$ cat input_3.pdb   # PDB, C-alpha atoms
MODEL        1
ATOM      1  CA  MET R   1     136.778  81.968 313.415
ATOM      2  CA  GLU R   2     135.363  81.172 310.049
ATOM      3  CA  ILE R   3     131.832  80.106 309.168
ATOM      4  CA  ASN R   4     132.956  77.346 306.771
ATOM      5  CA  ASP R   5     135.077  75.678 309.459
ATOM      6  CA  PHE R   6     132.221  76.011 311.893
ATOM      7  CA  VAL R   7     129.777  74.341 309.480
ATOM      8  CA  LYS R   8     132.309  71.517 309.004
ATOM      9  CA  ASN R   9     132.720  71.063 312.778
ATOM     10  CA  PHE R  10     128.944  71.176 313.144
ATOM     11  CA  ALA R  11     128.482  68.496 310.457
ATOM     12  CA  GLU R  12     130.956  66.219 312.228
ATOM     13  CA  GLN R  13     128.518  65.868 315.122
ATOM     14  CA  PHE R  14     126.154  63.873 312.905
ATOM     15  CA  ASP R  15     126.570  60.214 312.001
ATOM     16  CA  GLU R  16     123.939  59.687 309.282
ATOM     17  CA  THR R  17     123.594  63.010 307.460
ATOM     18  CA  ALA R  18     126.071  63.633 304.599
ATOM     19  CA  PRO R  19     128.469  66.547 305.301
ATOM     20  CA  GLU R  20     127.493  68.310 302.046
ATOM     21  CA  GLU R  21     123.939  68.721 303.337
ATOM     22  CA  PHE R  22     125.166  71.248 305.894
ATOM     23  CA  LYS R  23     125.162  74.918 304.898
ATOM     24  CA  SER R  24     125.273  78.014 307.074
ATOM     25  CA  ASP R  25     121.538  78.544 306.525
ATOM     26  CA  THR R  26     120.609  74.911 307.237
ATOM     27  CA  ASN R  27     117.802  74.700 309.759
ATOM     28  CA  PHE R  28     119.336  71.857 311.740
ATOM     29  CA  ARG R  29     116.088  70.848 313.412
ATOM     30  CA  ASP R  30     114.671  69.900 310.006
ATOM     31  CA  LEU R  31     117.345  67.235 309.564
ATOM     32  CA  GLU R  32     115.897  63.747 309.879
ATOM     33  CA  GLU R  33     118.755  62.718 312.161
ATOM     34  CA  TRP R  34     118.331  65.632 314.568
ATOM     35  CA  SER R  35     117.895  64.733 318.233
ATOM     36  CA  SER R  36     118.765  66.243 321.582
ATOM     37  CA  PHE R  37     121.917  64.080 321.541
ATOM     38  CA  ASN R  38     123.257  66.084 318.562
ATOM     39  CA  ALA R  39     122.646  69.173 320.701
ATOM     40  CA  LEU R  40     124.859  67.677 323.445
ATOM     41  CA  SER R  41     127.596  66.992 320.871
ATOM     42  CA  ILE R  42     127.410  70.491 319.385
ATOM     43  CA  ILE R  43     127.660  72.089 322.831
ATOM     44  CA  ALA R  44     130.685  69.928 323.667
ATOM     45  CA  MET R  45     132.280  70.688 320.276
ATOM     46  CA  VAL R  46     131.822  74.459 320.789
ATOM     47  CA  ASP R  47     133.396  74.166 324.237
ATOM     48  CA  GLU R  48     136.348  72.107 322.981
ATOM     49  CA  ALA R  49     137.068  73.907 319.693
ATOM     50  CA  TYR R  50     136.143  77.493 320.610
ATOM     51  CA  SER R  51     136.289  77.520 324.449
ATOM     52  CA  VAL R  52     132.794  78.988 324.539
ATOM     53  CA  LYS R  53     129.955  77.812 326.785
ATOM     54  CA  ILE R  54     126.536  77.496 325.221
ATOM     55  CA  THR R  55     123.557  75.797 326.840
ATOM     56  CA  GLY R  56     120.778  73.456 325.756
ATOM     57  CA  ASP R  57     118.418  76.415 325.854
ATOM     58  CA  ASP R  58     120.723  78.384 323.499
ATOM     59  CA  ILE R  59     120.324  75.569 320.972
ATOM     60  CA  ILE R  60     116.539  75.583 321.414
ATOM     61  CA  ASN R  61     116.524  79.325 320.693
ATOM     62  CA  SER R  62     118.591  78.924 317.495
ATOM     63  CA  HIS R  63     117.367  77.785 314.094
ATOM     64  CA  THR R  64     120.243  77.788 311.646
ATOM     65  CA  ILE R  65     123.911  76.906 311.943
ATOM     66  CA  GLN R  66     124.605  80.601 311.321
ATOM     67  CA  ASP R  67     122.572  81.470 314.448
ATOM     68  CA  ILE R  68     124.824  79.309 316.602
ATOM     69  CA  PHE R  69     127.931  80.597 314.840
ATOM     70  CA  ASN R  70     126.867  84.174 315.661
ATOM     71  CA  LEU R  71     126.294  83.249 319.279
ATOM     72  CA  VAL R  72     129.718  81.610 319.575
ATOM     73  CA  LYS R  73     131.392  84.550 317.842
ATOM     74  CA  GLU R  74     129.675  86.990 320.183
ATOM     75  CA  ARG R  75     130.678  85.045 323.289
ATOM     76  CA  SER R  76     134.278  84.457 322.184
ATOM     77  CA  LYS R  77     134.973  88.216 322.184
TER
ATOM     78  CA  MET C   1     106.350  56.022 373.014
ATOM     79  CA  ASP C   2     109.728  56.514 371.368
ATOM     80  CA  ASN C   3     109.543  57.085 367.648
ATOM     81  CA  PRO C   4     112.189  54.888 365.952
ATOM     82  CA  PHE C   5     112.152  57.240 362.943
ATOM     83  CA  SER C   6     113.162  60.214 365.073
ATOM     84  CA  ILE C   7     116.513  61.963 364.594
ATOM     85  CA  ASP C   8     115.783  64.384 367.430
ATOM     86  CA  GLY C   9     118.987  65.434 369.170
ATOM     87  CA  LYS C  10     121.329  63.865 366.613
ATOM     88  CA  LEU C  11     124.256  65.893 365.276
ATOM     89  CA  ILE C  12     124.300  65.618 361.486
ATOM     90  CA  LEU C  13     126.814  66.920 358.914
ATOM     91  CA  VAL C  14     125.314  67.746 355.506
ATOM     92  CA  THR C  15     127.503  68.600 352.491
ATOM     93  CA  GLY C  16     126.192  70.406 349.422
ATOM     94  CA  ALA C  17     123.786  72.211 351.734
ATOM     95  CA  SER C  18     123.800  75.486 349.787
ATOM     96  CA  SER C  19     121.257  74.254 347.240
ATOM     97  CA  GLY C  20     119.056  71.499 345.878
ATOM     98  CA  ILE C  21     118.819  68.146 347.610
ATOM     99  CA  GLY C  22     121.472  69.011 350.218
ATOM    100  CA  LYS C  23     119.626  72.149 351.263
ATOM    101  CA  SER C  24     116.358  70.249 351.583
ATOM    102  CA  ILE C  25     118.034  67.522 353.641
ATOM    103  CA  ALA C  26     119.440  70.134 356.030
ATOM    104  CA  VAL C  27     116.069  71.856 356.376
ATOM    105  CA  GLU C  28     114.062  68.644 356.898
ATOM    106  CA  CYS C  29     116.611  67.255 359.380
ATOM    107  CA  SER C  30     116.408  70.485 361.384
ATOM    108  CA  LYS C  31     112.593  70.275 361.388
ATOM    109  CA  ALA C  32     112.967  66.726 362.697
ATOM    110  CA  GLY C  33     114.972  68.015 365.650
ATOM    111  CA  ALA C  34     118.559  67.370 364.540
ATOM    112  CA  THR C  35     121.398  69.831 365.023
ATOM    113  CA  LEU C  36     123.189  70.488 361.738
ATOM    114  CA  ILE C  37     126.661  71.248 360.528
ATOM    115  CA  ILE C  38     126.060  72.516 357.016
ATOM    116  CA  THR C  39     128.753  72.901 354.419
ATOM    117  CA  GLY C  40     128.979  73.963 350.780
ATOM    118  CA  ARG C  41     131.064  75.991 348.348
ATOM    119  CA  ASP C  42     128.922  79.117 348.118
ATOM    120  CA  SER C  43     129.003  80.920 351.467
ATOM    121  CA  ASP C  44     126.180  83.329 350.531
ATOM    122  CA  ARG C  45     123.773  80.585 349.587
ATOM    123  CA  LEU C  46     124.960  78.535 352.541
ATOM    124  CA  SER C  47     123.954  81.312 354.919
ATOM    125  CA  GLN C  48     120.565  81.431 353.167
ATOM    126  CA  THR C  49     120.136  77.755 354.071
ATOM    127  CA  PHE C  50     121.257  78.542 357.602
ATOM    128  CA  GLN C  51     118.533  81.199 357.884
ATOM    129  CA  VAL C  52     115.764  78.709 357.120
ATOM    130  CA  LEU C  53     116.885  75.951 359.506
ATOM    131  CA  SER C  54     114.541  75.212 362.409
ATOM    132  CA  GLY C  55     115.857  75.192 365.944
ATOM    133  CA  GLY C  56     119.223  76.458 367.122
ATOM    134  CA  GLY C  57     122.830  75.475 367.628
ATOM    135  CA  HIS C  58     123.563  74.794 363.975
ATOM    136  CA  ILE C  59     127.033  75.363 362.538
ATOM    137  CA  VAL C  60     128.050  76.670 359.092
ATOM    138  CA  VAL C  61     131.411  75.841 357.539
ATOM    139  CA  SER C  62     131.944  76.913 353.949
ATOM    140  CA  ALA C  63     134.237  74.495 352.140
ATOM    141  CA  ASP C  64     134.826  73.018 348.709
ATOM    142  CA  ILE C  65     135.173  69.281 349.233
ATOM    143  CA  SER C  66     137.078  68.887 345.953
ATOM    144  CA  SER C  67     139.964  70.770 347.605
ATOM    145  CA  ASP C  68     142.229  68.854 350.022
ATOM    146  CA  ASP C  69     142.878  71.987 352.085
ATOM    147  CA  ASP C  70     139.179  72.719 352.524
ATOM    148  CA  LEU C  71     138.552  69.084 353.322
ATOM    149  CA  GLN C  72     141.112  69.206 356.136
ATOM    150  CA  LYS C  73     139.685  72.476 357.419
ATOM    151  CA  LEU C  74     136.186  71.025 357.433
ATOM    152  CA  ALA C  75     137.275  67.829 359.197
ATOM    153  CA  GLU C  76     138.966  70.000 361.844
ATOM    154  CA  ALA C  77     135.855  72.136 362.302
ATOM    155  CA  VAL C  78     133.269  69.379 362.733
ATOM    156  CA  PRO C  79     132.481  68.133 366.237
ATOM    157  CA  LYS C  80     131.702  64.471 366.969
ATOM    158  CA  ILE C  81     128.717  63.573 364.805
ATOM    159  CA  ASP C  82     125.931  60.984 364.711
ATOM    160  CA  GLY C  83     125.524  61.068 360.978
ATOM    161  CA  VAL C  84     126.679  62.567 357.709
ATOM    162  CA  VAL C  85     124.806  63.071 354.454
ATOM    163  CA  HIS C  86     126.969  63.601 351.395
ATOM    164  CA  ALA C  87     124.816  65.620 349.025
ATOM    165  CA  ALA C  88     127.483  67.681 347.234
ATOM    166  CA  GLY C  89     127.676  66.793 343.578
ATOM    167  CA  ILE C  90     128.249  68.210 340.104
ATOM    168  CA  ILE C  91     127.114  67.262 336.630
ATOM    169  CA  ASN C  92     128.363  68.304 333.199
ATOM    170  CA  PRO C  93     126.650  66.286 330.485
ATOM    171  CA  LYS C  94     128.726  65.729 327.357
ATOM    172  CA  PRO C  95     129.061  62.834 324.912
ATOM    173  CA  PHE C  96     131.749  60.275 325.743
ATOM    174  CA  GLN C  97     134.081  61.237 322.883
ATOM    175  CA  PHE C  98     134.407  64.738 324.380
ATOM    176  CA  ILE C  99     135.443  63.762 327.892
ATOM    177  CA  ASP C 100     139.098  63.778 328.900
ATOM    178  CA  ARG C 101     141.182  63.259 332.042
ATOM    179  CA  LYS C 102     140.549  66.805 333.245
ATOM    180  CA  GLU C 103     136.790  66.400 332.939
ATOM    181  CA  LEU C 104     136.785  63.016 334.673
ATOM    182  CA  GLU C 105     139.014  64.300 337.465
ATOM    183  CA  LYS C 106     136.763  67.304 338.057
ATOM    184  CA  VAL C 107     133.623  65.195 338.392
ATOM    185  CA  MET C 108     135.335  62.424 340.381
ATOM    186  CA  ASN C 109     136.896  64.961 342.762
ATOM    187  CA  THR C 110     133.569  66.412 343.834
ATOM    188  CA  ASN C 111     131.299  63.379 343.497
ATOM    189  CA  PHE C 112     133.630  60.582 344.640
ATOM    190  CA  PHE C 113     136.976  61.587 346.185
ATOM    191  CA  GLY C 114     135.516  64.499 348.183
ATOM    192  CA  PRO C 115     132.799  62.616 350.095
ATOM    193  CA  VAL C 116     134.871  59.462 350.505
ATOM    194  CA  LEU C 117     137.992  61.246 351.783
ATOM    195  CA  LEU C 118     135.952  63.530 354.036
ATOM    196  CA  THR C 119     134.383  60.490 355.688
ATOM    197  CA  ASN C 120     137.827  58.945 355.980
ATOM    198  CA  GLU C 121     139.269  62.078 357.565
ATOM    199  CA  ILE C 122     136.548  62.551 360.176
ATOM    200  CA  LEU C 123     136.750  58.872 360.991
ATOM    201  CA  ARG C 124     140.539  59.149 361.505
ATOM    202  CA  LYS C 125     139.845  62.024 363.871
ATOM    203  CA  LYS C 126     137.434  59.706 365.743
ATOM    204  CA  LYS C 127     134.594  62.123 365.177
ATOM    205  CA  ILE C 128     131.985  59.597 364.042
ATOM    206  CA  ASN C 129     130.101  58.214 367.034
ATOM    207  CA  LYS C 130     129.149  54.559 367.483
ATOM    208  CA  ASN C 131     125.711  53.776 365.934
ATOM    209  CA  SER C 132     126.198  56.596 363.440
ATOM    210  CA  SER C 133     124.937  56.566 359.881
ATOM    211  CA  VAL C 134     126.803  57.629 356.740
ATOM    212  CA  VAL C 135     124.503  58.449 353.820
ATOM    213  CA  PHE C 136     125.597  59.160 350.254
ATOM    214  CA  VAL C 137     123.216  60.833 347.838
ATOM    215  CA  SER C 138     124.094  58.766 344.783
ATOM    216  CA  SER C 139     121.911  58.252 341.718
ATOM    217  CA  VAL C 140     120.109  55.685 339.608
ATOM    218  CA  SER C 141     122.690  56.746 336.994
ATOM    219  CA  GLY C 142     125.800  54.636 337.262
ATOM    220  CA  VAL C 143     124.074  52.067 339.464
ATOM    221  CA  LEU C 144     120.979  50.977 337.498
ATOM    222  CA  CYS C 145     121.129  53.013 334.287
ATOM    223  CA  SER C 146     122.708  56.078 332.701
ATOM    224  CA  PHE C 147     121.669  58.940 330.410
ATOM    225  CA  PHE C 148     122.977  60.470 327.187
ATOM    226  CA  GLY C 149     126.092  62.484 327.985
ATOM    227  CA  GLY C 150     126.225  61.051 331.505
ATOM    228  CA  THR C 151     129.449  59.019 331.410
ATOM    229  CA  SER C 152     131.532  60.970 333.932
ATOM    230  CA  TYR C 153     128.606  61.476 336.326
ATOM    231  CA  SER C 154     127.600  57.809 336.121
ATOM    232  CA  ALA C 155     131.211  56.723 336.648
ATOM    233  CA  SER C 156     131.397  58.764 339.857
ATOM    234  CA  LYS C 157     128.156  57.311 341.209
ATOM    235  CA  GLY C 158     129.152  53.782 340.161
ATOM    236  CA  ALA C 159     132.410  54.216 342.045
ATOM    237  CA  LEU C 160     130.449  55.332 345.117
ATOM    238  CA  ASN C 161     128.246  52.254 344.793
ATOM    239  CA  GLY C 162     131.336  50.059 345.058
ATOM    240  CA  ILE C 163     133.060  51.815 347.913
ATOM    241  CA  ILE C 164     129.856  52.061 349.966
ATOM    242  CA  LYS C 165     129.641  48.271 350.094
ATOM    243  CA  GLY C 166     133.261  47.982 351.207
ATOM    244  CA  MET C 167     132.883  50.792 353.737
ATOM    245  CA  ALA C 168     129.724  49.198 355.153
ATOM    246  CA  LEU C 169     131.710  46.037 355.843
ATOM    247  CA  ASP C 170     134.807  47.739 357.233
ATOM    248  CA  LEU C 171     132.793  50.051 359.498
ATOM    249  CA  ALA C 172     130.359  47.398 360.735
ATOM    250  CA  PRO C 173     132.574  46.504 363.743
ATOM    251  CA  LYS C 174     132.335  50.171 364.798
ATOM    252  CA  LYS C 175     128.522  49.928 364.400
ATOM    253  CA  ILE C 176     128.668  52.683 361.793
ATOM    254  CA  ARG C 177     126.253  52.087 358.936
ATOM    255  CA  VAL C 178     126.908  53.181 355.347
ATOM    256  CA  ASN C 179     124.123  53.480 352.774
ATOM    257  CA  ALA C 180     123.163  55.347 349.633
ATOM    258  CA  ILE C 181     120.002  56.883 348.309
ATOM    259  CA  ILE C 182     119.683  56.466 344.553
ATOM    260  CA  PRO C 183     117.173  59.035 343.325
ATOM    261  CA  GLY C 184     115.823  59.473 339.851
ATOM    262  CA  MET C 185     115.496  63.026 338.608
ATOM    263  CA  VAL C 186     114.615  65.536 341.296
ATOM    264  CA  ASP C 187     113.398  69.098 340.615
ATOM    265  CA  THR C 188     116.317  71.216 341.805
ATOM    266  CA  GLY C 189     117.611  73.189 338.825
ATOM    267  CA  PHE C 190     120.644  70.842 338.792
ATOM    268  CA  PHE C 191     120.707  70.933 334.975
ATOM    269  CA  GLN C 192     120.242  74.703 334.692
ATOM    270  CA  GLY C 193     122.764  76.240 332.315
ATOM    271  CA  THR C 194     123.989  72.846 331.086
ATOM    272  CA  SER C 195     123.620  71.218 327.700
ATOM    273  CA  ILE C 196     120.267  69.771 328.802
ATOM    274  CA  SER C 197     117.448  72.151 327.864
ATOM    275  CA  GLU C 198     114.190  72.851 329.676
ATOM    276  CA  GLN C 199     112.437  71.164 326.735
ATOM    277  CA  ASP C 200     114.533  67.977 327.178
ATOM    278  CA  LEU C 201     113.581  67.931 330.853
ATOM    279  CA  GLU C 202     109.894  68.379 330.025
ATOM    280  CA  GLU C 203     109.988  65.327 327.730
ATOM    281  CA  ASP C 204     111.942  63.295 330.290
ATOM    282  CA  ARG C 205     109.525  64.198 333.062
ATOM    283  CA  ARG C 206     106.719  62.457 331.194
ATOM    284  CA  ARG C 207     108.623  59.149 331.261
ATOM    285  CA  TYR C 208     108.168  58.786 335.031
ATOM    286  CA  PRO C 209     105.431  56.282 335.956
ATOM    287  CA  LEU C 210     104.392  58.427 338.926
ATOM    288  CA  GLY C 211     103.968  61.310 336.489
ATOM    289  CA  ARG C 212     106.545  63.793 337.744
ATOM    290  CA  TYR C 213     110.102  64.350 338.926
ATOM    291  CA  GLY C 214     110.831  63.988 342.624
ATOM    292  CA  LYS C 215     110.726  66.777 345.150
ATOM    293  CA  PRO C 216     113.948  67.416 347.108
ATOM    294  CA  GLU C 217     112.173  66.722 350.385
ATOM    295  CA  GLU C 218     111.249  63.237 349.146
ATOM    296  CA  VAL C 219     114.969  62.456 349.083
ATOM    297  CA  ALA C 220     115.350  64.170 352.463
ATOM    298  CA  TYR C 221     112.759  61.838 354.023
ATOM    299  CA  ALA C 222     114.729  58.839 352.760
ATOM    300  CA  ALA C 223     117.864  60.376 354.297
ATOM    301  CA  ILE C 224     116.066  60.832 357.621
ATOM    302  CA  PHE C 225     115.091  57.144 357.601
ATOM    303  CA  LEU C 226     118.708  56.125 356.958
ATOM    304  CA  LEU C 227     119.950  58.504 359.688
ATOM    305  CA  SER C 228     117.401  57.280 362.222
ATOM    306  CA  ASP C 229     117.579  54.209 364.416
ATOM    307  CA  ALA C 230     114.679  52.749 362.403
ATOM    308  CA  SER C 231     117.348  51.643 359.917
ATOM    309  CA  ALA C 232     119.692  50.299 362.620
ATOM    310  CA  TRP C 233     120.007  46.951 360.795
ATOM    311  CA  THR C 234     120.338  48.448 357.296
ATOM    312  CA  THR C 235     123.830  48.843 355.879
ATOM    313  CA  GLY C 236     125.516  48.702 352.469
ATOM    314  CA  THR C 237     122.295  49.220 350.564
ATOM    315  CA  ASN C 238     120.916  51.515 347.868
ATOM    316  CA  LEU C 239     117.547  53.016 348.701
ATOM    317  CA  LEU C 240     115.780  53.566 345.367
ATOM    318  CA  VAL C 241     113.648  56.730 345.247
ATOM    319  CA  ASP C 242     112.782  57.218 341.586
ATOM    320  CA  GLY C 243     109.046  57.546 340.961
ATOM    321  CA  GLY C 244     109.158  54.172 339.201
ATOM    322  CA  PHE C 245     111.602  55.408 336.533
ATOM    323  CA  THR C 246     113.742  52.252 336.449
ATOM    324  CA  LEU C 247     110.749  49.887 336.288
ATOM    325  CA  ILE C 248     110.376  50.418 332.546
TER
ENDMDL
END
$ encode --input "input_3.pdb" --output "structure tokens"
Amino acid sequence: MEINDFVKNFAEQFDETAPEEFKSDTNFRDLEEWSSFNALSIIAMVDEAYSVKITGDDIINSHTIQDIFNLVKERSK
Amino acid sequence: MDNPFSIDGKLILVTGASSGIGKSIAVECSKAGATLIITGRDSDRLSQTFQVLSGGGHIVVSADISSDDDLQKLAEAVPKIDGVVHAAGIINPKPFQFIDRKELEKVMNTNFFGPVLLTNEILRKKKINKNSSVVFVSSVSGVLCSFFGGTSYSASKGALNGIIKGMALDLAPKKIRVNAIIPGMVDTGFFQGTSISEQDLEEDRRRYPLGRYGKPEEVAYAAIFLLSDASAWTTGTNLLVDGGFTLI
């Protein structure tokens, strides 16, 4: 898996924020659009695209997109 | 004086008894003098429930009600009963665009097909006594409201809502009553390890007019009412137990 694809998949879970605003070091909680519903979408996307289970608490404990990417990478081994 | 709310001496089947609301229902029913047949998927946790039941003569049958084979086995194993409480249920919150047939089938199998077909099977075997009570632990979700990511869960509970009304009519000549309890959120760890975080739950908890989530035994008391002869003229209804959640 590749970080750029992951950032793109991550960005797709948002309806209002422009895709170019998403970088691997983006602190997603600072985004104006961020809500717990985006968290639900990201968890479902990770499950569907990478077959990896992450929880709501995993999202709470992450700050950047890279953090979640690392978690997914670790669990997909 | 006879207590109309008593379930003393009744034989009650409880599904989903290995944890959460089902476990509490089994425990409270046993305290109230009923003899229990408890069932659930996890045999270790099921025997933990068994250990904490009051009184004697209870039966444990481990079974997964989403499996037809287990369902048959369970229907074979149960004696003639005076009531059943369907408390087995699963939840897997995800936004609508991510659900698919497999996801829907999984949730519907455990939350809808399992309890409905189990009731059907024990009825075919003539194991539900006259004046019995069938109780489904449903939800406010799918009947009065829903929640983000709750489409498949709400669909299963909405389907139950429909079939309960039909069952109540069809079973009325046999004097078997069919009702549901529709709880709001109850503290059971149901959402543990799902996409809903502890922080989300903390925020949600504050939205309840009575200031907290429900306790499992508060659903159990509603089940005891519906199992008892105090509700002898109550059928086809949804008993709302939600701390005022759906008022606002």
$ closest_atom_pairs --input "input_3.pdb" --of "chain R" --to "chain C" --cutoff "7 Å" --atoms "all atoms listed in the file" --output "JSON lines"
{"residue": "R:Phe37", "atom": "CA", "partner": "C:Phe148", "partner_atom": "CA", "distance": 6.8}
{"residue": "R:Leu40", "atom": "CA", "partner": "C:Ser195", "partner_atom": "CA", "distance": 5.7}
{"residue": "R:Ser41", "atom": "CA", "partner": "C:Pro95", "partner_atom": "CA", "distance": 6.0}
{"residue": "R:Ile43", "atom": "CA", "partner": "C:Ser195", "partner_atom": "CA", "distance": 6.4}
{"residue": "R:Ala44", "atom": "CA", "partner": "C:Lys94", "partner_atom": "CA", "distance": 5.9}
{"residue": "R:Thr55", "atom": "CA", "partner": "C:Ser195", "partner_atom": "CA", "distance": 4.7}
{"residue": "R:Gly56", "atom": "CA", "partner": "C:Ser195", "partner_atom": "CA", "distance": 4.1}
{"residue": "R:Asp57", "atom": "CA", "partner": "C:Ser197", "partner_atom": "CA", "distance": 4.8}
$ residues_near_point --input "input_3.pdb" --point "(124.7, 57.0, 364.9)" --cutoff "6 Å" --atoms "all atoms listed in the file" --output "ChimeraX atom specification"
/C:82-83,129-133
$ resolve_selection --input "input_3.pdb" --expression "the PyMOL selection byres ((chain R and resi 10) around 10)" --output "list in words"
Asn4, Asp5, Phe6, Val7, Lys8, Asn9, Ala11, Glu12, Gln13, Phe14, Pro19, Phe22, Lys23, Ser24, Phe28, Asn38, Ser41, Ile42, Ile43, Met45, Val46, Ile65, Ile68 and Phe69 of chain R
$ write_last_selection --input "input_3.pdb" --atoms "C-alpha atoms" --output "mmCIF file, in the frame of the given file"
data_model
loop_
_atom_site.group_PDB
_atom_site.id
_atom_site.type_symbol
_atom_site.label_atom_id
_atom_site.label_comp_id
_atom_site.auth_asym_id
_atom_site.auth_seq_id
_atom_site.Cartn_x
_atom_site.Cartn_y
_atom_site.Cartn_z
ATOM 1 C CA ASN R 4 132.956 77.346 306.771
ATOM 2 C CA ASP R 5 135.077 75.678 309.459
ATOM 3 C CA PHE R 6 132.221 76.011 311.893
ATOM 4 C CA VAL R 7 129.777 74.341 309.480
ATOM 5 C CA LYS R 8 132.309 71.517 309.004
ATOM 6 C CA ASN R 9 132.720 71.063 312.778
ATOM 7 C CA ALA R 11 128.482 68.496 310.457
ATOM 8 C CA GLU R 12 130.956 66.219 312.228
ATOM 9 C CA GLN R 13 128.518 65.868 315.122
ATOM 10 C CA PHE R 14 126.154 63.873 312.905
ATOM 11 C CA PRO R 19 128.469 66.547 305.301
ATOM 12 C CA PHE R 22 125.166 71.248 305.894
ATOM 13 C CA LYS R 23 125.162 74.918 304.898
ATOM 14 C CA SER R 24 125.273 78.014 307.074
ATOM 15 C CA PHE R 28 119.336 71.857 311.740
ATOM 16 C CA ASN R 38 123.257 66.084 318.562
ATOM 17 C CA SER R 41 127.596 66.992 320.871
ATOM 18 C CA ILE R 42 127.410 70.491 319.385
ATOM 19 C CA ILE R 43 127.660 72.089 322.831
ATOM 20 C CA MET R 45 132.280 70.688 320.276
ATOM 21 C CA VAL R 46 131.822 74.459 320.789
ATOM 22 C CA ILE R 65 123.911 76.906 311.943
ATOM 23 C CA ILE R 68 124.824 79.309 316.602
ATOM 24 C CA PHE R 69 127.931 80.597 314.840
#
$ atom_distance --input "input_3.pdb" --atom1 "CA of Ser152 (chain C)" --atom2 "CA of Ala87 (chain C)"
17.2 Å
$ closest_residue --input "input_3.pdb" --among "C:Thr119, C:Thr188, C:Thr237, C:Gln72" --to "Val14 (chain C)" --atoms "all atoms listed in the file"
C:Thr119
$ atom_distance --input "input_3.pdb" --atom1 "CA of Val116 (chain C)" --atom2 "CA of Ala63 (chain C)"
15.1 Å
$ atom_distance --input "input_3.pdb" --atom1 "CA of Ala159 (chain C)" --atom2 "CA of Ile65 (chain C)"
16.9 Å
$ resolve_selection --input "input_3.pdb" --expression "the PyMOL selection byres ((chain C and resi 43) around 10)" --output "list in words"
Ser18, Thr39, Gly40, Arg41, Asp42, Asp44, Arg45, Leu46, Ser47, Gln48, Thr49, Val60, Val61, Ser62 and Ala63 of chain C
$ residues_around --input "input_3.pdb" --residues "Ser146 (chain C)" --least-positions-apart "4" --cutoff "12 Å" --atoms "only C-alpha atoms" --output "MDAnalysis selection string"
chainID C and resid 93 139:142 150:158 184:185 245:246
$ residues_around --input "input_3.pdb" --residues "Leu160 (chain C)" --least-positions-apart "6" --cutoff "9 Å" --atoms "all atoms listed in the file" --output "PDB file with C-alpha atoms, keeping the file's coordinate frame"
ATOM      1  CA  ASN C 111     131.299  63.379 343.497  1.00  0.00           C
ATOM      2  CA  PHE C 112     133.630  60.582 344.640  1.00  0.00           C
ATOM      3  CA  VAL C 116     134.871  59.462 350.505  1.00  0.00           C
ATOM      4  CA  PHE C 136     125.597  59.160 350.254  1.00  0.00           C
ATOM      5  CA  SER C 138     124.094  58.766 344.783  1.00  0.00           C
ATOM      6  CA  ALA C 180     123.163  55.347 349.633  1.00  0.00           C
TER       7      ALA C 180
END
$ residues_near_point --input "input_3.pdb" --point "(121.3, 67.3, 353.8)" --cutoff "10 Å" --atoms "all atoms listed in the file" --output "PyMOL selection string"
chain C and resi 12-30+36-39+84-88+135-137+216-217+219-220+223-224
$ closest_residue --input "input_3.pdb" --among "C:Asp69, C:Ala32, C:Asn238, C:Lys125" --to "Val143 (chain C)" --atoms "all atoms listed in the file"
C:Asn238
$ resolve_selection --input "input_3.pdb" --expression "the PyMOL selection byres ((chain R and resi 52) around 7)" --output "JSON, numbers by chain"
{"R": [46, 47, 50, 51, 53, 54, 72, 75, 76]}
$ residues_around --input "input_3.pdb" --residues "Asp67 (chain R)" --least-positions-apart "4" --cutoff "10 Å" --atoms "only C-alpha atoms" --output "PDB file with C-alpha atoms, in the coordinates of the input"
ATOM      1  CA  SER R  24     125.273  78.014 307.074  1.00  0.00           C
ATOM      2  CA  ASP R  25     121.538  78.544 306.525  1.00  0.00           C
ATOM      3  CA  THR R  26     120.609  74.911 307.237  1.00  0.00           C
ATOM      4  CA  ASN R  27     117.802  74.700 309.759  1.00  0.00           C
ATOM      5  CA  ASP R  58     120.723  78.384 323.499  1.00  0.00           C
ATOM      6  CA  ILE R  59     120.324  75.569 320.972  1.00  0.00           C
ATOM      7  CA  ASN R  61     116.524  79.325 320.693  1.00  0.00           C
ATOM      8  CA  SER R  62     118.591  78.924 317.495  1.00  0.00           C
ATOM      9  CA  HIS R  63     117.367  77.785 314.094  1.00  0.00           C
ATOM     10  CA  LEU R  71     126.294  83.249 319.279  1.00  0.00           C
ATOM     11  CA  VAL R  72     129.718  81.610 319.575  1.00  0.00           C
ATOM     12  CA  LYS R  73     131.392  84.550 317.842  1.00  0.00           C
TER      13      LYS R  73
END
